[in-house]
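As stored in structure31.cif (mmCIF, C-alpha atoms):
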```
data_query
loop_
_atom_site.label_atom_id
_atom_site.label_comp_id
_atom_site.auth_asym_id
_atom_site.auth_seq_id
_atom_site.Cartn_x
_atom_site.Cartn_y
_atom_site.Cartn_z
CA MET A 1244 206.48 14.29 167.67
CA ALA A 1245 208.98 15.17 164.97
CA ASN A 1246 206.86 13.42 162.32
CA PHE A 1247 203.76 15.29 163.55
CA GLN A 1248 205.61 18.62 163.25
CA GLU A 1249 206.78 17.69 159.72
CA HIS A 1250 203.16 16.99 158.75
CA LEU A 1251 202.12 20.36 160.16
CA ASP A 1252 204.89 22.11 158.20
CA GLU A 1253 203.93 20.24 155.04
CA ALA A 1254 200.25 21.11 155.49
CA ALA A 1255 201.17 24.77 155.99
CA THR A 1256 203.27 24.74 152.82
CA VAL A 1257 200.46 23.16 150.81
CA ALA A 1258 197.99 25.71 152.17
CA GLU A 1259 200.36 28.57 151.24
CA LEU A 1260 200.84 27.18 147.73
CA ARG A 1261 197.08 26.88 147.27
CA SER A 1262 196.62 30.44 148.49
CA THR A 1263 199.32 31.69 146.09
CA SER A 1264 197.80 29.73 143.21
CA ALA A 1265 194.35 31.18 143.92
CA ARG A 1266 195.76 34.72 144.12
CA LEU A 1267 197.65 34.36 140.84
CA SER A 1268 194.56 32.89 139.20
CA ARG A 1269 192.49 35.89 140.29
CA GLN A 1270 195.17 38.27 138.97
CA LEU A 1271 195.25 36.43 135.64
CA GLN A 1272 191.48 36.59 135.29
CA LYS A 1273 191.59 40.29 136.16
CA GLU A 1274 194.18 40.98 133.45
CA LYS A 1275 192.20 38.97 130.91
CA HIS A 1276 189.10 40.94 131.84
CA LYS A 1277 190.98 44.24 131.41
CA ASN A 1278 192.22 43.19 127.96
CA SER A 1279 188.72 42.07 127.00
CA GLU A 1280 187.24 45.37 128.16
CA LEU A 1281 189.84 47.32 126.15
CA VAL A 1282 189.19 45.32 122.99
CA ASP A 1283 185.42 45.73 123.40
CA ALA A 1284 185.83 49.47 123.94
CA VAL A 1285 187.93 49.80 120.79
CA PHE A 1286 185.41 47.88 118.72
CA ARG A 1287 182.57 50.04 120.08
CA ALA A 1288 184.50 53.21 119.27
CA ALA A 1289 185.20 51.91 115.76
CA SER A 1290 181.53 51.12 115.14
CA ASP A 1291 180.39 54.47 116.55
CA SER A 1292 182.88 56.27 114.31
CA ALA A 1293 181.73 54.42 111.21
CA ALA A 1294 178.04 54.95 111.98
CA GLY A 1295 178.30 58.71 111.60
CA LEU A 1296 180.48 58.80 108.50
CA THR A 1297 178.50 57.18 105.71
CA LEU A 1298 179.11 58.83 102.34
CA SER A 1299 177.04 59.11 99.19
CA PRO A 1300 178.02 56.88 96.24
CA VAL A 1301 180.48 58.23 93.67
CA LYS A 1302 179.43 58.65 90.04
CA SER A 1303 180.80 55.97 87.72
CA PRO A 1304 183.37 56.99 85.03
CA LYS A 1305 182.43 57.22 81.35
CA ARG A 1306 181.68 53.88 79.77
CA ASP A 1307 184.45 52.19 77.77
CA ARG A 1308 183.06 49.33 75.67
CA ARG A 1309 186.43 47.84 74.72
CA LYS A 1310 187.10 44.32 76.00
CA ALA A 1311 189.97 42.90 73.94
CA GLY A 1312 193.27 42.86 75.86
CA GLU A 1313 191.67 44.17 79.05
CA GLN A 1314 194.03 44.50 82.01
CA VAL A 1315 193.59 45.13 85.73
CA ALA A 1316 195.42 47.82 87.71
CA VAL A 1317 196.79 46.92 91.16
CA ALA A 1318 197.48 49.57 93.80
CA VAL A 1319 199.74 48.28 96.57
CA LEU A 1320 199.33 50.28 99.79
CA SER A 1321 201.25 49.57 102.98
CA ASP A 1322 203.42 50.99 105.71
CA TRP A 1323 201.87 54.42 105.90
CA GLN A 1324 202.82 54.34 109.61
CA LEU A 1325 200.07 56.92 110.03
CA GLY A 1326 200.71 58.90 113.19
CA LYS A 1327 204.49 58.61 113.04
CA GLN A 1328 206.46 61.81 113.43
CA THR A 1329 210.02 62.35 112.19
CA PRO A 1330 211.84 65.52 111.02
CA SER A 1331 210.23 65.18 107.58
CA TYR A 1332 207.13 63.04 108.17
CA ASN A 1333 203.84 63.23 110.04
CA SER A 1334 200.14 62.54 109.52
CA VAL A 1335 199.67 65.58 107.26
CA VAL A 1336 202.56 64.54 105.01
CA CYS A 1337 201.16 61.00 104.88
CA GLU A 1338 197.80 62.26 103.63
CA GLU A 1339 199.47 64.50 101.03
CA ARG A 1340 201.51 61.57 99.71
CA ILE A 1341 198.50 59.27 99.38
CA GLU A 1342 196.71 62.01 97.42
CA ARG A 1343 199.83 62.33 95.24
CA TYR A 1344 199.87 58.57 94.70
CA ALA A 1345 196.22 58.66 93.61
CA ASP A 1346 196.95 61.45 91.10
CA LYS A 1347 199.98 59.64 89.68
CA LEU A 1348 198.03 56.38 89.46
CA GLU A 1349 195.33 58.16 87.47
CA SER A 1350 197.91 59.58 85.04
CA ILE A 1351 199.59 56.21 84.51
CA VAL A 1352 196.27 54.42 83.95
CA LYS A 1353 195.21 57.05 81.40
CA MET A 1354 198.44 56.39 79.52
CA HIS A 1355 197.74 52.64 79.45
CA ARG A 1356 194.16 53.17 78.33
CA GLY A 1357 195.52 54.58 75.07
CA ASN A 1358 196.34 50.99 74.08
CA THR A 1359 194.22 48.69 76.25
CA PRO A 1360 191.06 48.91 78.36
CA VAL A 1361 191.56 49.08 82.14
CA HIS A 1362 188.18 48.89 83.87
CA GLU A 1363 189.08 47.42 87.25
CA LEU A 1364 191.37 48.23 90.16
CA ARG A 1365 192.54 45.91 92.92
CA VAL A 1366 193.71 47.63 96.10
CA TYR A 1367 196.07 45.53 98.18
CA LEU A 1368 196.34 46.80 101.77
CA LEU A 1369 199.34 45.09 103.35
CA GLY A 1370 199.20 46.44 106.89
CA ASP A 1371 201.00 48.96 109.08
CA ILE A 1372 198.60 51.57 107.81
CA VAL A 1373 198.67 52.83 111.40
CA GLU A 1374 201.77 53.45 113.49
CA GLY A 1375 200.28 52.33 116.81
CA GLU A 1376 201.34 53.50 120.27
CA GLU A 1377 203.29 50.83 122.17
CA ILE A 1378 204.99 48.72 119.52
CA PHE A 1379 208.53 49.52 120.70
CA PRO A 1380 210.05 51.36 123.69
CA GLY A 1381 209.89 55.14 123.40
CA GLN A 1382 207.34 55.14 120.57
CA ALA A 1383 205.11 57.54 122.49
CA HIS A 1384 207.69 60.28 121.81
CA LEU A 1385 207.63 59.63 118.04
CA ILE A 1386 203.94 59.94 117.18
CA ASP A 1387 201.67 62.93 116.54
CA SER A 1388 198.33 61.24 117.25
CA SER A 1389 196.77 58.54 119.37
CA LEU A 1390 195.91 55.09 118.06
CA TYR A 1391 192.25 56.11 118.36
CA GLN A 1392 192.80 59.03 115.98
CA GLN A 1393 194.95 56.96 113.63
CA MET A 1394 192.38 54.18 113.42
CA THR A 1395 189.00 55.94 113.59
CA VAL A 1396 189.61 59.51 112.36
CA ASP A 1397 192.62 60.13 110.11
CA GLY A 1398 192.97 56.60 108.71
CA PRO A 1399 189.35 56.24 107.54
CA ARG A 1400 189.37 59.76 106.06
CA ILE A 1401 192.55 59.15 104.04
CA LEU A 1402 191.65 55.64 102.87
CA CYS A 1403 188.01 56.47 102.08
CA ASN A 1404 189.05 59.55 100.10
CA PHE A 1405 191.50 57.41 98.15
CA LEU A 1406 188.88 54.75 97.38
CA GLN A 1407 186.29 57.33 96.34
CA HIS A 1408 188.88 58.90 94.02
CA MET A 1409 189.50 55.46 92.51
CA LEU A 1410 185.76 54.93 91.96
CA THR A 1411 185.75 58.00 89.70
CA ILE A 1412 188.42 56.33 87.55
CA PHE A 1413 187.43 52.65 87.53
CA LYS A 1414 184.12 50.86 87.01
CA LYS A 1415 184.98 48.38 89.75
CA VAL A 1416 187.31 48.52 92.77
CA HIS A 1417 188.10 45.45 94.89
CA VAL A 1418 190.00 45.77 98.18
CA VAL A 1419 191.99 43.00 99.86
CA GLY A 1420 193.38 43.82 103.32
CA VAL A 1421 195.85 41.95 105.53
CA ILE A 1422 197.17 43.04 108.92
CA GLY A 1423 200.54 44.43 110.02
CA ASN A 1424 202.48 44.19 113.27
CA HIS A 1425 201.94 47.88 114.08
CA GLY A 1426 198.24 47.14 114.28
CA SER A 1427 198.79 45.40 117.61
CA LEU A 1428 196.96 47.18 120.42
CA GLY A 1429 199.07 46.47 123.50
CA GLY A 1430 202.75 46.98 124.23
CA ARG A 1431 204.65 44.11 125.79
CA SER A 1432 201.36 42.33 126.44
CA ARG A 1433 200.21 42.41 122.79
CA LYS A 1434 200.91 38.69 122.33
CA ASP A 1435 198.27 38.02 124.98
CA TYR A 1436 195.55 39.67 122.91
CA ASN A 1437 193.12 37.68 120.82
CA GLY A 1438 194.68 36.87 117.45
CA GLU A 1439 191.92 38.62 115.53
CA THR A 1440 192.46 41.92 117.40
CA ASN A 1441 194.35 44.30 115.12
CA ALA A 1442 193.97 48.04 114.41
CA ASP A 1443 194.63 47.62 110.68
CA ARG A 1444 191.74 45.17 110.41
CA MET A 1445 189.52 47.51 112.44
CA LEU A 1446 190.40 50.44 110.17
CA TYR A 1447 189.55 48.40 107.06
CA ASN A 1448 186.18 47.44 108.52
CA ILE A 1449 185.42 51.03 109.48
CA CYS A 1450 186.03 52.08 105.88
CA ARG A 1451 183.92 49.20 104.60
CA GLN A 1452 181.03 50.38 106.78
CA ILE A 1453 181.47 54.02 105.78
CA LEU A 1454 181.42 53.13 102.07
CA HIS A 1455 178.74 50.44 102.26
CA LYS A 1456 176.56 52.29 99.73
CA GLU A 1457 179.23 51.99 97.03
CA LYS A 1458 177.93 49.05 94.98
CA ARG A 1459 180.99 49.11 92.69
CA LEU A 1460 183.31 48.63 95.67
CA SER A 1461 183.93 45.14 97.14
CA TRP A 1462 186.07 43.91 100.01
CA PHE A 1463 187.90 40.83 101.22
CA ILE A 1464 189.35 41.12 104.72
CA PRO A 1465 190.44 37.69 106.00
CA TRP A 1466 188.83 37.04 109.37
CA GLU A 1467 188.16 34.00 111.51
CA LYS A 1468 187.26 34.06 115.18
CA ASP A 1469 190.33 34.02 117.47
CA GLU A 1470 192.77 33.69 114.54
CA ARG A 1471 195.32 36.16 113.13
CA MET A 1472 194.50 35.38 109.49
CA TRP A 1473 197.79 36.88 108.37
CA TYR A 1474 197.62 36.34 104.60
CA ALA A 1475 195.29 36.39 101.61
CA VAL A 1476 195.50 35.04 98.06
CA ASP A 1477 193.82 37.13 95.37
CA ASN A 1478 193.34 35.85 91.83
CA ILE A 1479 193.27 38.04 88.76
CA GLY A 1480 192.20 35.65 86.04
CA GLU A 1481 194.73 32.81 86.01
CA HIS A 1482 197.25 34.76 88.07
CA GLY A 1483 197.42 34.43 91.87
CA PHE A 1484 198.89 36.95 94.32
CA LEU A 1485 199.89 35.92 97.84
CA LEU A 1486 199.61 38.96 100.11
CA ALA A 1487 201.16 39.27 103.58
CA HIS A 1488 202.58 42.06 105.68
CA GLY A 1489 206.15 40.74 105.79
CA ASP A 1490 206.88 40.59 109.52
CA GLN A 1491 206.91 36.82 108.99
CA ILE A 1492 210.28 37.12 107.21
CA ARG A 1493 213.32 36.20 109.31
CA GLY A 1494 217.03 36.04 108.56
CA GLY A 1495 217.34 39.16 106.40
CA LEU A 1496 215.16 40.35 103.55
CA VAL A 1497 216.76 38.59 100.57
CA HIS A 1498 217.48 35.18 102.10
CA GLY A 1499 214.44 35.26 104.39
CA LEU A 1500 211.97 36.21 101.65
CA ALA A 1501 213.31 33.54 99.29
CA LYS A 1502 213.10 30.86 101.98
CA LYS A 1503 209.55 31.83 103.00
CA THR A 1504 208.36 32.09 99.38
CA TRP A 1505 209.59 28.62 98.50
CA GLY A 1506 208.12 27.22 101.72
CA TRP A 1507 204.73 28.79 101.03
CA ALA A 1508 204.83 27.61 97.40
CA VAL A 1509 205.40 23.91 98.24
CA GLY A 1510 202.47 23.64 100.60
CA GLY A 1511 203.01 26.09 103.43
CA VAL A 1512 200.05 27.95 101.94
CA PRO A 1513 197.43 25.67 100.37
CA GLU A 1514 196.34 28.13 97.66
CA LYS A 1515 198.29 28.35 94.42
CA PHE A 1516 199.98 31.65 93.54
CA ASN A 1517 202.39 33.18 91.03
CA GLU A 1518 203.38 36.32 92.90
CA VAL A 1519 204.19 37.33 96.47
CA ILE A 1520 203.75 40.91 97.66
CA ILE A 1521 204.74 42.03 101.15
CA GLY A 1522 205.43 45.28 102.98
CA HIS A 1523 207.12 45.79 106.37
CA TRP A 1524 210.67 46.33 105.09
CA HIS A 1525 210.05 49.80 103.56
CA GLN A 1526 212.41 49.05 100.66
CA PRO A 1527 210.84 48.65 97.18
CA THR A 1528 212.36 45.39 95.98
CA ARG A 1529 211.70 42.82 93.25
CA MET A 1530 213.04 39.26 93.29
CA THR A 1531 212.59 36.56 90.63
CA LEU A 1532 212.54 33.13 92.27
CA ASN A 1533 212.25 30.72 89.33
CA THR A 1534 208.53 30.81 88.44
CA ILE A 1535 207.50 33.12 91.29
CA THR A 1536 208.10 36.86 91.55
CA ALA A 1537 208.32 38.39 95.02
CA ARG A 1538 207.89 42.12 95.58
CA VAL A 1539 208.45 44.24 98.67
CA ASN A 1540 206.50 47.48 98.90
CA GLY A 1541 207.94 50.81 99.95
CA SER A 1542 206.57 53.16 102.59
CA THR A 1543 205.08 56.63 102.50
CA GLU A 1544 207.36 57.71 105.35
CA SER A 1545 210.80 59.28 105.01
CA ASP A 1546 213.70 60.30 107.22
CA ASN A 1547 213.38 57.43 109.70
CA THR A 1548 216.16 58.30 112.14
CA CYS A 1549 215.76 55.01 114.04
CA ALA A 1550 216.26 52.99 110.83
CA GLN A 1551 219.28 55.13 109.95
CA GLU A 1552 220.93 54.40 113.27
CA GLN A 1553 219.96 50.77 113.83
CA LEU A 1554 219.74 49.39 110.27
CA ALA A 1555 221.75 51.88 108.20
CA ALA A 1556 218.65 51.99 106.00
CA ILE A 1557 216.76 54.85 104.42
CA GLY A 1558 214.60 55.11 101.33
CA ARG A 1559 212.46 57.44 99.26
CA PRO A 1560 208.74 57.28 99.98
CA SER A 1561 207.07 55.02 97.42
CA GLN A 1562 204.28 52.51 96.70
CA TRP A 1563 203.98 49.94 93.90
CA LEU A 1564 201.49 50.13 91.02
CA LEU A 1565 201.09 47.08 88.76
CA MET A 1566 199.26 46.37 85.52
CA VAL A 1567 198.10 42.75 85.25
CA HIS A 1568 196.89 40.71 82.29
CA PRO A 1569 194.42 38.04 83.49
CA LYS A 1570 196.25 35.29 81.56
CA HIS A 1571 199.85 36.43 81.26
CA GLY A 1572 200.32 38.16 84.61
CA VAL A 1573 202.12 41.42 85.35
CA SER A 1574 202.67 43.40 82.15
CA ALA A 1575 204.02 46.60 83.68
CA GLU A 1576 205.20 47.74 87.12
CA TYR A 1577 205.80 51.18 88.52
CA CYS A 1578 207.57 52.18 91.69
CA VAL A 1579 205.62 55.38 92.30
CA TYR A 1580 207.77 57.84 94.24
CA LEU A 1581 205.83 60.20 96.47
CA ASP A 1582 208.29 62.89 97.61
CA HIS A 1583 207.48 65.14 94.65
#
```
Could I get this structure in the form of structure tokens?
Amino acid sequence: MANFQEHLDEAATVAELRSTSARLSRQLQKEKHKNSELVDAVFRAASDSAAGLTLSPVKSPKRDRRKAGEQVAVAVLSDWQLGKQTPSYNSVVCEERIERYADKLESIVKMHRGNTPVHELRVYLLGDIVEGEEIFPGQAHLIDSSLYQQMTVDGPRILCNFLQHMLTIFKKVHVVGVIGNHGSLGGRSRKDYNGETNADRMLYNICRQILHKEKRLSWFIPWEKDERMWYAVDNIGEHGFLLAHGDQIRGGLVHGLAKKTWGWAVGGVPEKFNEVIIGHWHQPTRMTLNTITARVNGSTESDNTCAQEQLAAIGRPSQWLLMVHPKHGVSAEYCVYLDH
């Protein structure tokens, strides 16, 4: 009788476990379906936004027939944190600073054209163009716009205006865009999203669709189904640039960047490169690591009270501008400050 009762108890336990397993499975499928619906909705909104914002092509600049000694300008754009609000920074200030960067870039390029032709611009977008909504606790109290507005309204307007400005200066503009961590859609659940889902990547594609009539504008946005595709390598002549956001760096900026750079250079990244450019850290920095130069881009933001308290870090708003010789590499570099 005792054995029979034990079998009954065991059968009841197994039945309860099966019931629990089925319930958890249904909950998991429900959550996956919710995430899938959200991602689909965002993509639809992005496509709808782009469909109504196509712009007419920009007139090409005056022809410069010089070829000898030609160099390529490189605009490094990252960490706009568009939508972030601090005592001295918001979406309006961000847009003003990108316009200021464009004006300063034009002045610097005109200076270089006195000695050498500069027909082409590369635009390196290194992520965190948007601030997001649920990247860290309490972020909702530190933004002035939704992720929707950041990604489909303000972001495309600011970036498209910048690119159209550049097309009035250069015969050819090529954009390379990698993603940042603030492009994640969800809060604590963001690691459960598909690897390819990122608001920075969506913003880049919106701009590509808006400016699809610009035949002098080309794009490379790394994408592969279900993958993050976190880096890109862009070649200017014989010189290769490895581009990443920089959230891959661990163990402090100086030591962490050196360790990652050497790891990538000896096979961690299959493509060959001479330079590394990242963002994320908001501190314009240049490191020479034997034959490789690593640069960290600044940010357009200022007065980050969280960084002051937690990291004892603050910096002037800035973005890099480089001049590159196709054979000899970087010939000039400018840390373009944007607060005046």
Legend entry - Output check: residues returned by the PyMOL selection byres ((chain A and resi 1525) around 9), as a list in words: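 Expected selection for the PyMOL selection byres ((chain A and resi 1525) around 9) here is Ser1321, Asp1322, Gly1522, His1523, Trp1524, Gln1526, Pro1527, Val1539, Asn1540, Gly1541, Ser1542, Thr1543, Glu1544, Ile1557, Gly1558, Pro1560 and Ser1561 of chain A.
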Within 9 Å of stretch 1441-1448 of chain A, which residues of stretch 1459-1562 of chain A show up? Give each one with its shortest atom-to-atom distance in Å (one decimal) and the two atoms involved, counting all atoms listed in the file, rows by chain then rising residue number, as a Markdown table.
```
| residue | atom | partner | partner_atom | distance |
| --- | --- | --- | --- | --- |
| A:Ile1464 | CA | A:Arg1444 | CA | 7.4 |
| A:Pro1465 | CA | A:Arg1444 | CA | 8.8 |
| A:Trp1466 | CA | A:Arg1444 | CA | 8.7 |
| A:Arg1471 | CA | A:Asn1441 | CA | 8.4 |
```
Keeping only C-alpha atoms, take the residues you just selected and write them out as a tab-separated table (two decimals), in the frame of the given file.
```
chain	number	residue	atom	x	y	z
A	1464	ILE	CA	189.35	41.12	104.72
A	1465	PRO	CA	190.44	37.69	106.00
A	1466	TRP	CA	188.83	37.04	109.37
A	1471	ARG	CA	195.32	36.16	113.13
```
Legend entry - Shell of 10 Å around A:Val1317, only C-alpha atoms, local chain residues under 5 positions omitted, as a list in words: Leu1348, Glu1363, Leu1364, Arg1365, Val1366, Tyr1367, Val1416, His1417, Val1418, Ile1479, Trp1563, Leu1564, Leu1565, Met1566, Val1567, Val1573 and Glu1576 of chain A
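Atom to atom, atom CA of A:Thr1395 and atom CA of A:Gly1326 stand 12.1 Å apart.
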Inset, instruction - Would you mind listing what lies within 7 Å of stretch 1298-1315 of chain A as a list in words, with all atoms listed in the file counted and same-chain residues fewer than 3 positions away left out? - result: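 In the requested format, the answer is Thr1359, Pro1360, Val1361, His1362, Glu1363, Leu1364, Gln1407, Leu1410, Thr1411, Ile1412, Phe1413, Lys1414, Ile1453, Leu1454, Lys1456, Glu1457, Met1566, Val1567, His1568 and Pro1569 of chain A.
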Legend entry - Nearest-residue call for A:Lys1570, choices A:Ser1545, A:Ser1389, A:Asn1517, A:Ser1331, using all atoms listed in the file: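 Closest to A:Lys1570, using all atoms listed in the file: A:Asn1517.
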Legend entry - Residues selected by the PyMOL selection byres ((chain A and resi 1343) around 12), written as a ChimeraX atom specification: /A:1336-1342,1344-1350,1401,1405,1408,1543,1560-1562,1579-1583
Inset, instruction - Could you tell me how far atom CA of A:Arg1538 lies from atom CA of A:Lys1327, in Å and to one decimal? - result: 24.3 Å
Inset, instruction - Work out how far apart atom CA of A:Gln1328 and atom CA of A:Gly1375 are and give it in Å to one decimal. - result: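 The value is 11.8 Å.
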Inset, instruction - Measuring atom to atom with all atoms listed in the file, identify which of A:Arg1451, A:Ile1492, A:Ile1351, A:Glu1439 is nearest to A:Met1472. - result: A:Glu1439
Inset, instruction - Quick one: everything within 9 Å of A:Gln1491, counting all atoms listed in the file, minus sequence neighbours fewer than 3 positions away in the same chain. Send it as a VMD selection string. - result: chain A and resid 1487 to 1488 1499 to 1500 1503
Legend entry - Counting only C-alpha atoms, the option among A:Leu1320, A:Ala1537, A:Leu1368, A:Leu1402 closest to A:Ala1501: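 Residue with the minimum atom-to-atom distance to A:Ala1501: A:Ala1537.
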Legend entry - Nearest to A:Gly1420 by atom-to-atom distance, counting all atoms listed in the file, from A:Pro1399, A:Gly1438, A:Gly1381, A:Gly1370: A:Gly1370
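Each of A:Gln1452, A:Ser1427, A:Thr1534, A:Thr1329 was checked against A:Thr1440 using only C-alpha atoms; the smallest atom-to-atom distance is that of A:Ser1427.
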Legend entry - Nearest residue to A:Phe1379 from the set A:Val1419, A:Val1335, A:Asn1533, A:Leu1428 (distances using all atoms listed in the file):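 For A:Phe1379, the nearest of the candidates is A:Leu1428.
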So that all listed atoms of stretch 1353-1371 of chain A fit with 4 Å spare on each side, what axis-aligned box centre and edge lengths in Å, to one decimal, would you give as AutoDock Vina command-line options?
```
--center_x 194.6 --center_y 51.1 --center_z 91.6 --size_x 20.8 --size_y 20.0 --size_z 43.0
```
Legend entry - Contacts of A:Leu1486 at 7 Å (only C-alpha atoms; same-chain gap of 6+ positions) as a ChimeraX atom specification: /A:1369,1474-1476,1519-1521
